[in-house]
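coords_16.cif, holding mmCIF, C-alpha atoms:
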```cif
data_coords
#
loop_
_atom_site.label_atom_id
_atom_site.label_comp_id
_atom_site.auth_asym_id
_atom_site.auth_seq_id
_atom_site.Cartn_x
_atom_site.Cartn_y
_atom_site.Cartn_z
CA MET A 1 -15.96 -13.31 -16.32
CA LYS A 2 -13.27 -11.61 -14.19
CA TYR A 3 -10.21 -9.74 -15.35
CA SER A 4 -7.27 -8.87 -13.11
CA VAL A 5 -5.35 -5.79 -14.09
CA GLU A 6 -2.84 -6.20 -11.31
CA CYS A 7 -2.70 -8.75 -8.54
CA CYS A 8 -1.16 -8.94 -5.10
CA CYS A 9 1.12 -11.76 -6.14
CA PHE A 10 2.77 -9.36 -8.58
CA LEU A 11 3.99 -7.09 -5.78
CA PHE A 12 7.48 -8.42 -6.38
CA LEU A 13 7.25 -7.37 -10.03
CA ILE A 14 6.12 -3.92 -9.00
CA PHE A 15 9.28 -3.50 -6.93
CA GLN A 16 11.45 -4.87 -9.71
CA SER A 17 9.89 -2.71 -12.41
CA GLY A 18 10.53 0.48 -10.49
CA LEU A 19 6.94 1.36 -9.72
CA CYS A 20 7.68 1.98 -6.07
CA LEU A 21 6.78 5.60 -5.53
CA GLY A 22 9.75 5.93 -3.21
CA GLN A 23 12.22 5.57 -6.06
CA VAL A 24 11.30 9.02 -7.39
CA THR A 25 12.41 11.23 -4.56
CA GLU A 26 12.63 14.94 -3.98
CA ARG A 27 15.28 14.45 -1.31
CA LYS A 28 17.86 11.72 -1.00
CA VAL A 29 18.01 9.32 1.91
CA ASP A 30 20.92 10.42 4.10
CA GLU A 31 23.83 8.33 5.35
CA CYS A 32 22.22 7.70 8.75
CA GLN A 33 19.04 6.43 7.07
CA GLU A 34 21.09 4.19 4.75
CA LYS A 35 22.77 2.62 7.78
CA ARG A 36 19.34 2.07 9.37
CA ILE A 37 18.14 0.46 6.11
CA ALA A 38 21.22 -1.82 6.02
CA ARG A 39 20.46 -2.98 9.59
CA LEU A 40 16.79 -3.52 8.70
CA ILE A 41 17.64 -5.61 5.61
CA LYS A 42 19.62 -8.00 7.81
CA THR A 43 16.56 -8.58 10.02
CA LEU A 44 14.15 -9.39 7.18
CA GLU A 45 13.69 -12.81 5.59
CA PRO A 46 15.34 -13.13 2.14
CA THR A 47 11.91 -13.38 0.46
CA ASN A 48 10.33 -10.46 2.35
CA PHE A 49 8.86 -7.96 -0.14
CA LEU A 50 10.39 -4.97 1.61
CA ARG A 51 13.83 -6.58 1.71
CA VAL A 52 13.65 -7.33 -2.02
CA ALA A 53 12.65 -3.73 -2.74
CA LEU A 54 15.39 -2.27 -0.53
CA GLU A 55 18.05 -4.55 -2.01
CA SER A 56 16.86 -3.39 -5.47
CA GLY A 57 17.55 0.20 -4.45
CA ALA A 58 14.02 1.43 -3.61
CA ARG A 59 14.04 4.22 -1.04
CA GLY A 60 11.61 6.66 0.52
CA THR A 61 11.31 10.38 0.09
CA SER A 62 12.88 11.32 3.45
CA GLU A 63 9.76 13.38 4.10
CA ARG A 64 8.29 12.57 7.49
CA ALA A 65 4.49 12.49 7.84
CA ASN A 66 2.91 13.02 11.27
CA TRP A 67 1.14 9.64 11.07
CA MET A 68 4.59 8.01 10.94
CA ASP A 69 5.30 9.49 14.38
CA LYS A 70 2.05 8.02 15.69
CA MET A 71 2.95 4.62 14.22
CA ASP A 72 6.41 4.80 15.81
CA SER A 73 5.00 5.73 19.21
CA LEU A 74 2.85 2.56 19.09
CA SER A 75 5.68 0.36 17.67
CA ILE A 76 3.61 -0.24 14.53
CA ARG A 77 5.76 -0.80 11.43
CA GLN A 78 3.06 -1.41 8.81
CA ALA A 79 -0.63 -0.68 8.31
CA SER A 80 -2.38 -2.58 5.50
CA PHE A 81 -5.74 -1.53 4.11
CA THR A 82 -7.95 -3.45 1.69
CA MET A 83 -10.48 -1.14 0.09
CA SER A 84 -13.29 -2.29 -2.21
CA PHE A 85 -14.64 -0.12 -4.99
CA SER A 86 -17.59 -0.18 -7.35
CA GLY A 87 -18.72 2.23 -10.00
CA VAL A 88 -17.60 3.74 -13.29
CA ALA A 89 -14.39 5.63 -14.13
CA ALA A 90 -16.11 8.98 -13.48
CA GLY A 91 -17.14 8.01 -9.96
CA THR A 92 -16.71 5.09 -7.63
CA THR A 93 -17.88 4.13 -4.17
CA ILE A 94 -15.03 3.20 -1.82
CA ASN A 95 -15.48 0.96 1.24
CA LEU A 96 -13.08 -0.40 3.82
CA THR A 97 -12.89 -4.20 3.55
CA SER A 98 -10.15 -4.83 6.10
CA VAL A 99 -7.33 -3.17 7.97
CA ASN A 100 -4.41 -4.78 9.76
CA TYR A 101 -1.61 -3.28 11.80
CA TYR A 102 1.70 -5.08 12.22
CA TYR A 103 4.73 -4.86 14.49
CA GLY A 104 6.88 -6.05 11.55
CA TYR A 105 7.18 -5.39 7.83
CA PHE A 106 5.26 -7.72 5.50
CA ASP A 107 5.03 -10.36 8.21
CA ASP A 108 1.50 -11.60 8.89
CA ASP A 109 2.69 -13.20 12.13
CA THR A 110 3.22 -9.80 13.77
CA ASN A 111 -0.35 -8.51 14.19
CA VAL A 112 -0.63 -5.87 16.89
CA SER A 113 -2.35 -6.60 20.19
CA ARG A 114 -5.90 -5.59 21.15
CA SER A 115 -4.53 -2.95 23.50
CA THR A 116 -2.48 -1.44 20.67
CA LEU A 117 -5.58 -1.42 18.43
CA GLU A 118 -7.39 0.59 21.10
CA LYS A 119 -4.46 3.03 21.20
CA VAL A 120 -4.67 3.32 17.38
CA ARG A 121 -8.32 4.30 17.74
CA VAL A 122 -7.82 6.72 20.63
CA SER A 123 -4.78 8.42 19.02
CA GLY A 124 -6.66 9.15 15.81
CA LEU A 125 -4.11 7.20 13.78
CA GLY A 126 -6.72 4.77 12.45
CA LYS A 127 -8.98 7.56 11.24
CA GLN A 128 -6.08 9.48 9.72
CA LEU A 129 -4.79 6.47 7.78
CA LEU A 130 -8.32 5.49 6.70
CA THR A 131 -8.83 8.96 5.22
CA LEU A 132 -5.55 8.65 3.29
CA ALA A 133 -6.42 5.11 2.17
CA GLU A 134 -9.82 6.25 0.90
CA GLU A 135 -8.21 9.05 -1.14
CA ILE A 136 -5.60 6.69 -2.60
CA ALA A 137 -8.19 3.99 -3.35
CA ASP A 138 -10.49 6.47 -5.10
CA GLN A 139 -7.67 7.72 -7.34
CA GLN A 140 -6.37 4.20 -8.00
CA ALA A 141 -9.86 2.84 -8.84
CA ALA A 142 -10.41 5.62 -11.38
CA ARG A 143 -6.99 4.94 -12.97
CA VAL A 144 -7.40 1.18 -13.14
CA ILE A 145 -10.93 1.41 -14.59
CA ALA A 146 -9.83 3.97 -17.20
CA LYS A 147 -6.82 1.80 -18.12
CA PHE A 148 -9.00 -1.29 -18.45
CA GLN A 149 -11.43 0.60 -20.70
CA LEU A 150 -8.55 1.91 -22.83
CA ASP A 151 -6.91 -1.52 -23.14
CA ASN A 152 -10.22 -3.30 -23.90
CA PRO A 153 -12.25 -0.93 -26.12
CA ASN A 154 -14.34 -3.71 -27.67
CA PHE A 155 -15.23 -5.17 -24.31
CA ALA A 156 -15.61 -2.26 -21.90
CA ARG A 157 -18.34 0.34 -22.32
CA LYS A 158 -17.87 3.85 -20.87
CA ASP A 159 -20.91 3.42 -18.60
CA GLN A 160 -20.06 -0.13 -17.54
CA LYS A 161 -19.91 -0.72 -13.79
CA PHE A 162 -16.72 -2.20 -12.42
CA CYS A 163 -15.75 -3.38 -8.98
CA GLY A 164 -12.61 -4.57 -7.34
CA LYS A 165 -10.14 -4.07 -4.53
CA VAL A 166 -7.18 -1.83 -3.83
CA PHE A 167 -4.46 -2.97 -1.42
CA ILE A 168 -2.63 -0.10 0.31
CA ASN A 169 0.30 -0.25 2.74
CA PHE A 170 1.66 2.47 4.99
CA LEU A 171 5.12 2.09 6.53
CA ASP A 172 6.45 3.93 9.59
CA ASP A 173 9.75 5.17 8.19
CA GLU A 174 10.29 7.93 5.62
CA ALA A 175 13.47 6.22 4.39
CA LEU A 176 11.43 3.21 3.26
CA PRO A 177 9.74 3.21 -0.15
CA LYS A 178 6.14 4.29 -0.52
CA LEU A 179 4.52 1.29 -2.12
CA GLU A 180 2.34 1.64 -5.18
CA PRO A 181 -1.22 0.48 -4.45
CA VAL A 182 -2.03 -2.89 -6.00
CA SER A 183 -5.46 -3.28 -7.61
CA ILE A 184 -7.71 -6.06 -8.81
CA ILE A 185 -10.59 -5.17 -11.14
CA GLU A 186 -13.65 -7.28 -11.96
CA THR A 187 -16.18 -6.79 -14.72
CA GLU A 188 -18.90 -8.81 -13.03
CA CYS A 189 -19.93 -7.20 -9.76
CA LYS A 190 -21.97 -8.98 -7.11
#
```
Output the file's structure as structure tokens, nothing else.
Amino acid sequence: MKYSVECCCFLFLIFQSGLCLGQVTERKVDECQEKRIARLIKTLEPTNFLRVALESGARGTSERANWMDKMDSLSIRQASFTMSFSGVAAGTTINLTSVNYYYGYFDDDTNVSRSTLEKVRVSGLGKQLLTLAEEIADQQAARVIAKFQLDNPNFARKDQKFCGKVFINFLDDEALPKLEPVSIIETECK
């Protein structure tokens, strides 16, 4: 039997419910960034997840990370990681399942070229983002397992092994919202 705590298809609901990390900001997005966001919204399809989030008011922290500069220099707009986990709430094993880099936002038709992938490797960007993704996935797996155990006390034992996936996205612009990782948890591991 499998139980999904959260699912990718609910990404829209995450934006709508205010769970985008970018909505809680230490610094406001400035006027120049708002103009850039307005131009970006016009270029995105009406059903694009990022467009929906931006039109709902989600914004980034305005804090620039050095990996964003590396993404910009390679014209990469989005990096998507799928991380698998297995273990108990007190400790999980995290593994990379897949990673994709895109020239566009939430557009599977904009995969980067082989030459750009080599530049990602040589620049250290891939390793840097993988390290961040592993940290996020480890924290998210512990949270989702603990929540499942709390919500299902008659079903979930404290020592029960769980497995699942965490979907993590990194965007190249500090004005754009940091997206909450989406997780799927399973109670029957292979």
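On the file presented, the PyMOL selection byres ((chain A and resi 99) around 7) picks out A:Ser80, A:Phe81, A:Thr82, A:Ser98, A:Asn100, A:Tyr101.
Among A:Gln33, A:Thr131, A:Ser86, A:Thr97, the residue with the shortest atom-to-atom distance to A:Val144, counting only C-alpha atoms, is A:Ser86.
Once the PyMOL selection byres ((chain A and resi 48) around 12) is applied to this file, the selection holds A:Leu11, A:Phe12, A:Phe15, A:Leu40, A:Ile41, A:Lys42, A:Thr43, A:Leu44, A:Glu45, A:Pro46, A:Thr47, A:Phe49, A:Leu50, A:Arg51, A:Val52, A:Ala53, A:Leu54, A:Glu55, A:Gly104, A:Tyr105, A:Phe106, A:Asp107, A:Asp108.
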Keeping only C-alpha atoms, write the selected residues as a short mmCIF file (atom, residue, chain, number, x, y, z; two decimals), in the coordinates of the input.
```cif
data_model
loop_
_atom_site.label_atom_id
_atom_site.label_comp_id
_atom_site.auth_asym_id
_atom_site.auth_seq_id
_atom_site.Cartn_x
_atom_site.Cartn_y
_atom_site.Cartn_z
CA LEU A 11 3.99 -7.09 -5.78
CA PHE A 12 7.48 -8.42 -6.38
CA PHE A 15 9.28 -3.50 -6.93
CA LEU A 40 16.79 -3.52 8.70
CA ILE A 41 17.64 -5.61 5.61
CA LYS A 42 19.62 -8.00 7.81
CA THR A 43 16.56 -8.58 10.02
CA LEU A 44 14.15 -9.39 7.18
CA GLU A 45 13.69 -12.81 5.59
CA PRO A 46 15.34 -13.13 2.14
CA THR A 47 11.91 -13.38 0.46
CA PHE A 49 8.86 -7.96 -0.14
CA LEU A 50 10.39 -4.97 1.61
CA ARG A 51 13.83 -6.58 1.71
CA VAL A 52 13.65 -7.33 -2.02
CA ALA A 53 12.65 -3.73 -2.74
CA LEU A 54 15.39 -2.27 -0.53
CA GLU A 55 18.05 -4.55 -2.01
CA GLY A 104 6.88 -6.05 11.55
CA TYR A 105 7.18 -5.39 7.83
CA PHE A 106 5.26 -7.72 5.50
CA ASP A 107 5.03 -10.36 8.21
CA ASP A 108 1.50 -11.60 8.89
#
```
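Between A:Ser75 and the residues A:Val166, A:Leu171, A:Leu132, A:Cys32, the shortest atom-to-atom distance, using only C-alpha atoms, involves A:Leu171.
Environment of (4.0, -1.4, 0.0): residues at most 8 Å away, judged by all atoms listed in the file, are Cys20, Leu50, Ile168, Asn169, Phe170, Leu171, Pro177, Lys178, Leu179, Glu180 and Pro181 of chain A.
We find atom CA of A:Phe167 and atom CA of A:Asp72 to be spaced 21.8 Å apart.
Once the PyMOL selection byres ((chain A and resi 29) around 10) is applied to this file, the selection holds Thr25, Glu26, Arg27, Lys28, Asp30, Glu31, Cys32, Gln33, Glu34, Ile37, Arg59, Gly60, Thr61, Ser62, Glu63, Glu174, Ala175 and Leu176 of chain A.
When all atoms listed in the file are used to compute distances to A:Ser73, the closest of the residues A:Leu130, A:Leu125, A:Ala38, A:Leu96 turns out to be A:Leu125.
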Determine the nearest neighbour of A:Ile136 from the options A:Lys165, A:Arg64, A:Lys70, A:Arg36, counting only C-alpha atoms.
A:Lys165
